Amino acid sequence: MYVLRRLPSLLATLFAVSLLTFLMTSLLPGDPALQILGAENATPEAIAAVRADLGLDDPLPVRYLHWIGDALTGDFGRSYRTNEPVSEAIIDRLPVTAEIGILAIIIALLVAIPVGMLSAYRAGTRTDKLISSTSFGLLAVPNFMVAIFLILIFAVWLGVLPATGWVNFTDNPVQNLRSALLPALSLAIAEMAVYTRLLRTDMIGTLQQDFVTMARVKGVSNRRILFRHALRPSSFSLMTVAGVQVGAIIGGSVVIETLFALPGVGRLLLEAVLVRDLLMVQGVALVIAVSYVVVNFTVDILYSYLDPRISHGRSAARV
Amino acid sequence: MSTPVPNLGAPHPGATSELAVSDGLIAETTEVAAAPGKKKKRGYGLTFWMATVWLVVVLICAVFANLLPVRDPLTPDVINKLALPGEAGLLGTDGLGRDTLARLVHGARVSVTISVTAVAIGMVVGGFLGIISGFFRGKTETILMTIINIILAFPALVLLLVLLAFVGRSLVVISLIVGFLSIPIYTRVARATTLAVAEREFVRASRTMGAKNSRVLAREILPNVVLPVAAFGLVAMGVVIVLEGTLAFLGLSVQQPAPTWGGMIFDGKRYLNEAPHVVLIPSIAMFLTVLSLNLVGDALRTRFDVRGSNL
Amino acid sequence: MTTARPLDGRGNEPLLEVDDLRTYFDTPRGVVKAVDGVSLRVDRGKTLGIVGESGSGKTVLSRSIMNLLPKNNTIREGSVRFEGRELTTMKNKEMRTIWGAEMAMILQDPMTSLNPVTKIGDQITESLGIHLGEKGKVAKAHAVDLLKSVGIPAAERRLGEYPHQLSGGMRQRVTIAIALACGPKLLVADEPTTALDVTVQRQILDLLETQQHERNMGLIIITHDLGVVAGRADEIAVMYAGRIVERAPTRELFARTRMPYTEGLLKSIPRLHQPSHTRLAAIPGRPPDLVDPGPGCPFAPRCNYAQDKCLTETPVLAPHAAGHEAACHFPVGTTAGQDALARNLAAGRTAAGTPLDSSTAIATAGAA
């Protein structure tokens, strides 16, 4: 099976990613013990004690094995600052980030697919030019700018959506959606532009294919040609890029969660970074990188279902 | 930030080749001619030149910020705070009454320094690695691309945050880190371009005739890879400007009160209700700069025909 | 352009009648006259071969007949009547009831003319659903029958496969099955064998022929290769620079070629009965630019017979025998033609300034 064949490369990547996370946070200047104790308490003896406690004096490979071994059992250590277990902090905040991220991708796709198709269908017309230049322009708008203007319009002027704060889904689903909408929209705008442009280009290429002519000659309606014949073959690079763009969404969530005061992983990372909370930074970075790798792996698998040539082609080659 | 190039491979209907016209066009209004059709103009068009002019203006501001006839960007003037454009100073003042125009001009310096340094580092190091791996292929390429794919497994902003947390945040450090982080993507672009160039007839011919690798690299590959990579660099500069803005927004860019565009937007956010122009003006400046970089970079990229397929 | 219609069509309505069809494209380079005044006719059960080099406008002609070209940037004049119905003025919506049901088409490359991500079964049953309202098991059984009729073994299993799992010849059989699904009255085959192996070409052409006879279907085969239509077409039309330059019943065309271009095409077919070292005569030069062709015969620059008249006056189709027309001032096999060739040979060059390679010219003259 295709999934099984790709598994070794996934595991290798995950290993490499964990190693990089560890090295990055371990080799950089600054003594974590000093951080923990604070300048006033940092007597040499105290520092030595903390270092021993954290195992910081062990050789690097040993430290990595300890760390990754614990991480695999879900133990990322405790925050220097709050003494909260890192894993609990992440589990608490992950749903928020996941919700706005997924919502953002859904919004972006819901807009980009029809708009990109329309643009390709009407390639060269005024409609297409308007769509193309708008999406080109949107590429130049940073997400925090989008967020500020969305707040200005929907929270300050219209007062229909909250500017900050978060309501859990389990507490109140409607309020939850209201609090997630502006952050998700802020992340979605740039994605929309990227997806639209990509789909337009690919779709124009697909519409020039012989099989589209063939479908027309069968008497298939334009709508059916667009959705049933052309969309799927045009969506391969869209899927791949959507997977890659999850990275942009995760990065964007740091900004957006901070701006909207949402209790998500992005803000957790930022706060940990600001106070140099080593174990928290390590844990959050690892979780983010692993999620990103897994998302792209999943996209790769989905891709093979979408394009029968991949899974069939390779299995045929093996037989 | 990828900006797909319009389908230039699309044949033009009515070109003498018959196949060109046999395209499966779908509707009465569908017109393939228009997408590539604009190619008939050899020039770049008005928008391209407007964008170039804007970029030159920003560059001049950045280089000669101290010499330009603007007020001091740090002097507060509380009486004239949140002044509208024209009331006090050409572009008004911020929440502390500091002159917006002066802060924009000095802020350009931060944006330009960071983006130029970062892009230069990324382009030189990444370009070098990319050409090497694309030209020599084999193990070098495999190892290099594996490492690069692993680095790219981290969302850029996350890596940046983690590094900044432990290294500090002066202008130099930020430029270096952003430059370092952009190496992988340049490596990919340079490698893809090198792969494409190395397949072209003149390079093959040169190699067949027994030219040394170093000669082929210097005389055939390099000149053909530099321009596309530079064009990509322009688009990447826009990404870096946004990244710096994001850092400023998170309070992680160069220390206050030094003006940066991102910082100005962040400060102005507090007065969003009473004085939206305080946010609007630096936003427009940043938007126009990034848009211009995208426009110019895209136009050049289209001309140099960088193929995305090998990325 | 004058058209002498064949007389045998009296009484029954022709299946397809194209009259003075022009198809121009408005491009930045100028107006491309891809089809410039073409008239032809196809009857039920008959095969018309349209032969020409790439760039002669034959593919555009087929799309124009099928009404497949985009409406903007395209200038289309003349008429295309299918069973008496005028197609040129039909909207896509009306065309959809004809496409697939009454007119069908197969394209050159079976790999690209099948949707790579859709199962073969779904691609066949699609038009069954649209035109015949067949669904589910009925449609599936029909699809199996169709695949069997085009000679595909293990038809049931093939329904669930994707195009990339089939060989080129099998794929073209599938596209034929799709085209034939709803029993069209006219099939347009655009270079149906060009992308296939030589061994498979013949099978596909035989298949088209049997299907045509079984269904009493009109067939247009478009090709660059006279050999493809030689033994199969009832009538052959030779296209050059967007026009028909010679048209005749197949036997007549081969027996009494009139147009030097047709002669050139015939010479370029390898023949088994020739000695093995016989040089194949290539037609020198390239097809003309269709933008602003200027006066005179478009073939003149490449023609061994070219005279001054050919450079200034465009020849029109003129009758030579029953159903045989050619557009040439100095037709091959006539005294005028022989004199013209002799004059050019003596001068060592044609009136268009093309040097005359005596060896090819003699071979040509000898054959004529």
# chains A, B, ... in the order shown; residues from 1 in each chain; ligands from 1
call {"tool": "interface_residues", "arguments": {"of": "chain A", "to": "chain C", "cutoff": "10 Å", "atoms": "only C-alpha atoms", "output": "list in words"}}
result
Gln209, Asp210, Phe211, Val212, Thr213, Met214, Ala215, Arg216, Val217, Lys218, Gly219, Val220, Ser221, Asn222, Arg228, His229, Ala230, Arg232, Pro233, Tyr305, Leu306, Asp307, Pro308, Arg309, His312, Gly313 and Ala316 of chain A
call {"tool": "write_last_selection", "arguments": {"atoms": "N, CA, C and O atoms", "output": "CSV table (one decimal), in the first residue's frame"}}
result
chain,number,residue,atom,x,y,z
A,209,GLN,N,-6.9,20.9,-22.4
A,209,GLN,CA,-6.6,19.5,-22.7
A,209,GLN,C,-7.6,18.9,-23.6
A,209,GLN,O,-8.7,19.3,-23.7
A,210,ASP,N,-7.1,17.9,-24.3
A,210,ASP,CA,-8.0,17.2,-25.2
A,210,ASP,C,-9.2,16.6,-24.6
A,210,ASP,O,-10.3,16.5,-25.1
A,211,PHE,N,-9.0,16.1,-23.3
A,211,PHE,CA,-10.1,15.4,-22.7
A,211,PHE,C,-11.3,16.3,-22.4
A,211,PHE,O,-12.4,15.9,-22.3
A,212,VAL,N,-11.0,17.6,-22.3
A,212,VAL,CA,-12.0,18.6,-22.1
A,212,VAL,C,-12.8,18.8,-23.4
A,212,VAL,O,-14.0,18.8,-23.5
A,213,THR,N,-12.1,18.9,-24.5
A,213,THR,CA,-12.7,18.9,-25.8
A,213,THR,C,-13.6,17.7,-26.0
A,213,THR,O,-14.7,17.8,-26.5
A,214,MET,N,-13.0,16.5,-25.7
A,214,MET,CA,-13.7,15.3,-25.8
A,214,MET,C,-15.0,15.3,-25.0
A,214,MET,O,-16.1,14.9,-25.5
A,215,ALA,N,-15.0,15.9,-23.8
A,215,ALA,CA,-16.2,16.0,-23.0
A,215,ALA,C,-17.2,16.9,-23.6
A,215,ALA,O,-18.4,16.6,-23.6
A,216,ARG,N,-16.7,18.0,-24.2
A,216,ARG,CA,-17.7,18.9,-24.9
A,216,ARG,C,-18.3,18.1,-26.0
A,216,ARG,O,-19.5,18.3,-26.2
A,217,VAL,N,-17.5,17.4,-26.7
A,217,VAL,CA,-18.1,16.7,-27.9
A,217,VAL,C,-19.1,15.6,-27.5
A,217,VAL,O,-19.9,15.1,-28.3
A,218,LYS,N,-19.0,15.2,-26.2
A,218,LYS,CA,-20.0,14.2,-25.7
A,218,LYS,C,-21.3,14.9,-25.4
A,218,LYS,O,-22.3,14.2,-25.2
A,219,GLY,N,-21.3,16.2,-25.4
A,219,GLY,CA,-22.5,17.0,-25.0
A,219,GLY,C,-22.6,17.3,-23.6
A,219,GLY,O,-23.7,17.5,-23.1
A,220,VAL,N,-21.4,17.2,-22.8
A,220,VAL,CA,-21.5,17.5,-21.4
A,220,VAL,C,-21.6,19.0,-21.2
A,220,VAL,O,-21.0,19.8,-21.9
A,221,SER,N,-22.4,19.4,-20.2
A,221,SER,CA,-22.6,20.8,-20.0
A,221,SER,C,-21.3,21.5,-19.4
A,221,SER,O,-20.5,20.8,-18.8
A,222,ASN,N,-21.2,22.8,-19.6
A,222,ASN,CA,-20.0,23.5,-19.1
A,222,ASN,C,-19.8,23.3,-17.6
A,222,ASN,O,-18.7,23.1,-17.1
A,228,ARG,N,-16.8,18.3,-12.8
A,228,ARG,CA,-16.5,16.9,-12.9
A,228,ARG,C,-15.3,16.5,-13.7
A,228,ARG,O,-14.7,15.5,-13.4
A,229,HIS,N,-15.0,17.3,-14.7
A,229,HIS,CA,-13.9,16.9,-15.5
A,229,HIS,C,-12.6,17.7,-15.2
A,229,HIS,O,-11.5,17.1,-15.2
A,230,ALA,N,-12.7,18.9,-15.0
A,230,ALA,CA,-11.5,19.8,-14.9
A,230,ALA,C,-11.0,20.0,-13.5
A,230,ALA,O,-9.8,20.2,-13.3
A,232,ARG,N,-10.8,18.2,-10.7
A,232,ARG,CA,-9.9,17.2,-10.0
A,232,ARG,C,-8.5,17.3,-10.6
A,232,ARG,O,-7.5,17.4,-9.9
A,233,PRO,N,-8.4,17.2,-12.0
A,233,PRO,CA,-7.0,17.2,-12.5
A,233,PRO,C,-6.3,18.6,-12.3
A,233,PRO,O,-5.1,18.6,-12.4
A,305,TYR,N,-4.7,9.4,-3.7
A,305,TYR,CA,-6.1,8.9,-3.9
A,305,TYR,C,-6.8,9.8,-5.0
A,305,TYR,O,-7.6,9.3,-5.8
A,306,LEU,N,-6.4,11.1,-5.1
A,306,LEU,CA,-6.9,12.0,-6.0
A,306,LEU,C,-6.4,11.7,-7.4
A,306,LEU,O,-7.1,11.8,-8.4
A,307,ASP,N,-5.2,11.3,-7.5
A,307,ASP,CA,-4.6,11.0,-8.8
A,307,ASP,C,-4.2,9.5,-8.9
A,307,ASP,O,-3.2,9.1,-8.4
A,308,PRO,N,-5.1,8.8,-9.5
A,308,PRO,CA,-4.9,7.3,-9.6
A,308,PRO,C,-3.6,6.9,-10.2
A,308,PRO,O,-3.1,5.9,-10.0
A,309,ARG,N,-3.0,7.9,-11.0
A,309,ARG,CA,-1.7,7.5,-11.7
A,309,ARG,C,-0.6,7.2,-10.7
A,309,ARG,O,0.3,6.4,-11.0
A,312,HIS,N,-1.5,3.7,-8.6
A,312,HIS,CA,-1.5,2.6,-9.6
A,312,HIS,C,-0.1,2.5,-10.2
A,312,HIS,O,0.4,1.4,-10.4
A,313,GLY,N,0.4,3.6,-10.7
A,313,GLY,CA,1.6,3.6,-11.4
A,313,GLY,C,2.7,2.9,-10.7
A,313,GLY,O,3.4,2.1,-11.2
A,316,ALA,N,2.0,-0.8,-10.0
A,316,ALA,CA,2.2,-1.5,-11.3
A,316,ALA,C,3.7,-1.8,-11.5
A,316,ALA,O,4.1,-2.8,-11.9
call {"tool": "closest_atom_pairs", "arguments": {"of": "chain C", "to": "chain B", "cutoff": "8 Å", "atoms": "only C-alpha atoms", "output": "CSV"}}
result
residue,atom,partner,partner_atom,distance
C:Phe25,CA,B:Gly14,CA,5.5
C:Asp26,CA,B:Gly14,CA,7.4
C:Thr27,CA,B:Gly14,CA,6.3
C:Pro28,CA,B:Lys40,CA,6.8
C:Val32,CA,B:Gly14,CA,5.7
C:Ala34,CA,B:Gly14,CA,7.5
C:Ser54,CA,B:Glu18,CA,6.2
C:Gly55,CA,B:Glu18,CA,5.0
C:Ser56,CA,B:Glu18,CA,7.6
C:Gly57,CA,B:Glu18,CA,6.4
C:Lys58,CA,B:Glu18,CA,7.9
C:Thr59,CA,B:Glu18,CA,6.3
C:Val60,CA,B:Val21,CA,6.6
C:Arg63,CA,B:Ser22,CA,7.2
C:Leu68,CA,B:Leu25,CA,7.6
C:Leu69,CA,B:Leu25,CA,6.9
C:Pro70,CA,B:Glu28,CA,5.1
C:Lys71,CA,B:Glu28,CA,4.8
C:Asn72,CA,B:Thr29,CA,6.2
C:Asn73,CA,B:Glu31,CA,7.6
C:Asn92,CA,B:Ala27,CA,7.8
C:Asp289,CA,B:Thr16,CA,6.6
C:Leu290,CA,B:Thr16,CA,6.6
call {"tool": "closest_atom_pairs", "arguments": {"of": "chain A", "to": "chain B", "cutoff": "7 Å", "atoms": "only C-alpha atoms", "output": "CSV"}}
result
residue,atom,partner,partner_atom,distance
A:Thr13,CA,B:Ile150,CA,6.7
A:Ala16,CA,B:Ile150,CA,6.7
A:Val17,CA,B:Ile150,CA,6.2
A:Leu28,CA,B:Phe166,CA,6.3
A:Pro29,CA,B:Phe166,CA,6.4
A:Gly30,CA,B:Phe166,CA,6.8
A:Tyr121,CA,B:Thr30,CA,6.0
A:Arg122,CA,B:Thr30,CA,5.1
A:Ala123,CA,B:Glu31,CA,5.9
A:Gly124,CA,B:Ala34,CA,4.5
A:Gly137,CA,B:Leu291,CA,6.5
A:Ala140,CA,B:Leu291,CA,5.0
A:Val141,CA,B:Phe287,CA,5.8
A:Pro142,CA,B:Val242,CA,6.1
A:Met145,CA,B:Ser283,CA,6.9
A:Leu152,CA,B:Leu272,CA,6.8
A:Val156,CA,B:Asn273,CA,6.7
A:Arg197,CA,B:Pro4,CA,6.5
A:Leu198,CA,B:Pro4,CA,6.1
A:Thr201,CA,B:Asn7,CA,5.9
A:Gly205,CA,B:Asn7,CA,7.0
A:Leu207,CA,B:Gly24,CA,6.0
A:Gln208,CA,B:Gly24,CA,4.5
A:Gln209,CA,B:Gly24,CA,5.8
A:Asp210,CA,B:Gly24,CA,5.9
A:Val212,CA,B:Gly24,CA,5.7
A:Thr213,CA,B:Gly24,CA,4.3
A:Asn222,CA,B:Ile26,CA,6.8
A:Gly247,CA,B:Pro155,CA,4.5
A:Ala248,CA,B:Pro155,CA,6.5
A:Ile250,CA,B:Pro155,CA,6.8
A:Gly251,CA,B:Leu157,CA,5.0
A:Val255,CA,B:Leu250,CA,6.8
A:Val273,CA,B:Ala165,CA,5.1
A:Leu274,CA,B:Ala165,CA,6.3
A:Arg276,CA,B:Ala165,CA,6.2
A:Ala285,CA,B:Val158,CA,7.0
A:Ala289,CA,B:Phe154,CA,5.1
A:Tyr292,CA,B:Ala153,CA,6.8
A:Val293,CA,B:Ala153,CA,6.2
call {"tool": "atom_distance", "arguments": {"atom1": "atom CA of Pro287 of chain C", "atom2": "atom CA of Leu186 of chain C"}}
result
29.5 Å
call {"tool": "residues_around", "arguments": {"residues": "Glu87 of chain B", "least_positions_apart": "6", "cutoff": "12 Å", "atoms": "only C-alpha atoms", "output": "list of chain:residue names"}}
result
B:Ile79, B:Asn80, B:Lys81, B:Thr93, B:Gly97, B:Asp99, B:Thr100
call {"tool": "closest_residue", "arguments": {"among": "C:Asp19, C:Glu191, C:Asp122, C:Asp36", "to": "Lys140 of chain C", "atoms": "only C-alpha atoms"}}
result
C:Asp122
call {"tool": "residues_around", "arguments": {"residues": "segment 244-259 of chain C", "least_positions_apart": "2", "cutoff": "8 Å", "atoms": "only C-alpha atoms", "output": "list in words"}}
result
Val38, Ser39, Ala230, Gly231, Ala233, Asp234, Glu235, Ile236, Ala237, Val238, Met239, Tyr240, Gly242, Tyr261, Thr262, Glu263, Leu317, Gly323, His324, Glu325, Ala326, Ala327, Cys328, Pro331, Val332 and Gly333 of chain C
call {"tool": "residues_around", "arguments": {"residues": "Leu278 of chain A", "least_positions_apart": "2", "cutoff": "8 Å", "atoms": "only C-alpha atoms", "output": "ChimeraX atom specification"}}
result
/A:25,32,79-80,272-273,276,280-282
call {"tool": "closest_residue", "arguments": {"among": "C:Ala351, C:Leu21, C:Leu196, C:Ala306", "to": "Arg173 of chain C", "atoms": "only C-alpha atoms"}}
result
C:Leu196
call {"tool": "residues_around", "arguments": {"residues": "Met203 of chain A", "least_positions_apart": "5", "cutoff": "7 Å", "atoms": "only C-alpha atoms", "output": "PDB file with N, CA and C atoms, in the first residue's frame"}}
result
ATOM      1  N   MET A 117     -11.913  29.038 -10.387  1.00  0.00           N
ATOM      2  CA  MET A 117     -12.517  28.384 -11.547  1.00  0.00           C
ATOM      3  C   MET A 117     -13.162  29.406 -12.466  1.00  0.00           C
ATOM      4  N   ALA A 120     -10.549  31.187 -14.421  1.00  0.00           N
ATOM      5  CA  ALA A 120      -9.989  30.384 -15.515  1.00  0.00           C
ATOM      6  C   ALA A 120     -11.004  30.227 -16.647  1.00  0.00           C
ATOM      7  N   ALA A 230     -12.736  18.942 -15.005  1.00  0.00           N
ATOM      8  CA  ALA A 230     -11.538  19.783 -14.947  1.00  0.00           C
ATOM      9  C   ALA A 230     -11.039  20.031 -13.526  1.00  0.00           C
ATOM     10  N   SER A 234      -7.082  19.603 -11.975  1.00  0.00           N
ATOM     11  CA  SER A 234      -6.455  20.916 -11.765  1.00  0.00           C
ATOM     12  C   SER A 234      -6.080  21.140 -10.320  1.00  0.00           C
TER      13      SER A 234
END
call {"tool": "select_by_dssp", "arguments": {"residues": "segment 36-245 of chain B", "states": "helix (DSSP H, G or I)", "output": "ChimeraX atom specification"}}
result
/B:36-40,46-63,78-80,100-136,138-151,156-167,171-181,183-198,201-208,213-245
call {"tool": "atom_distance", "arguments": {"atom1": "atom CA of Ser206 of chain B", "atom2": "atom CA of Ser133 of chain B"}}
result
19.2 Å
call {"tool": "residues_around", "arguments": {"residues": "segment 85-99 of chain A", "least_positions_apart": "3", "cutoff": "7 Å", "atoms": "only C-alpha atoms", "output": "list in words"}}
result
Gly74, Asp75, Phe76, Gly77, Arg78, Ser79, Ile102, Leu103, Ser253, Pro263, Gly264, Val265, Met280, Gly283 and Val284 of chain A
call {"tool": "atom_distance", "arguments": {"atom1": "atom CA of Ile269 of chain C", "atom2": "atom CA of Val228 of chain C"}}
result
10.2 Å
call {"tool": "select_by_dssp", "arguments": {"residues": "segment 304-368 of chain C", "states": "strand (DSSP E or B)", "output": "NGL selection string"}}
result
:C and (318-321 or 324-326 or 349 or 355)
call {"tool": "write_last_selection", "arguments": {"atoms": "C-alpha atoms", "output": "PDB file, in the first residue's frame"}}
result
ATOM      1  CA  ALA C 318     -12.396  23.876 -61.443  1.00  0.00           C
ATOM      2  CA  PRO C 319     -13.997  20.612 -62.568  1.00  0.00           C
ATOM      3  CA  HIS C 320     -11.799  18.102 -64.353  1.00  0.00           C
ATOM      4  CA  ALA C 321     -14.024  15.029 -64.393  1.00  0.00           C
ATOM      5  CA  HIS C 324     -13.105  15.798 -59.568  1.00  0.00           C
ATOM      6  CA  GLU C 325     -12.072  19.376 -58.944  1.00  0.00           C
ATOM      7  CA  ALA C 326      -8.676  20.962 -58.618  1.00  0.00           C
ATOM      8  CA  ARG C 349      14.106  27.497 -61.526  1.00  0.00           C
ATOM      9  CA  PRO C 355      15.635  26.344 -57.836  1.00  0.00           C
TER      10      PRO C 355
END
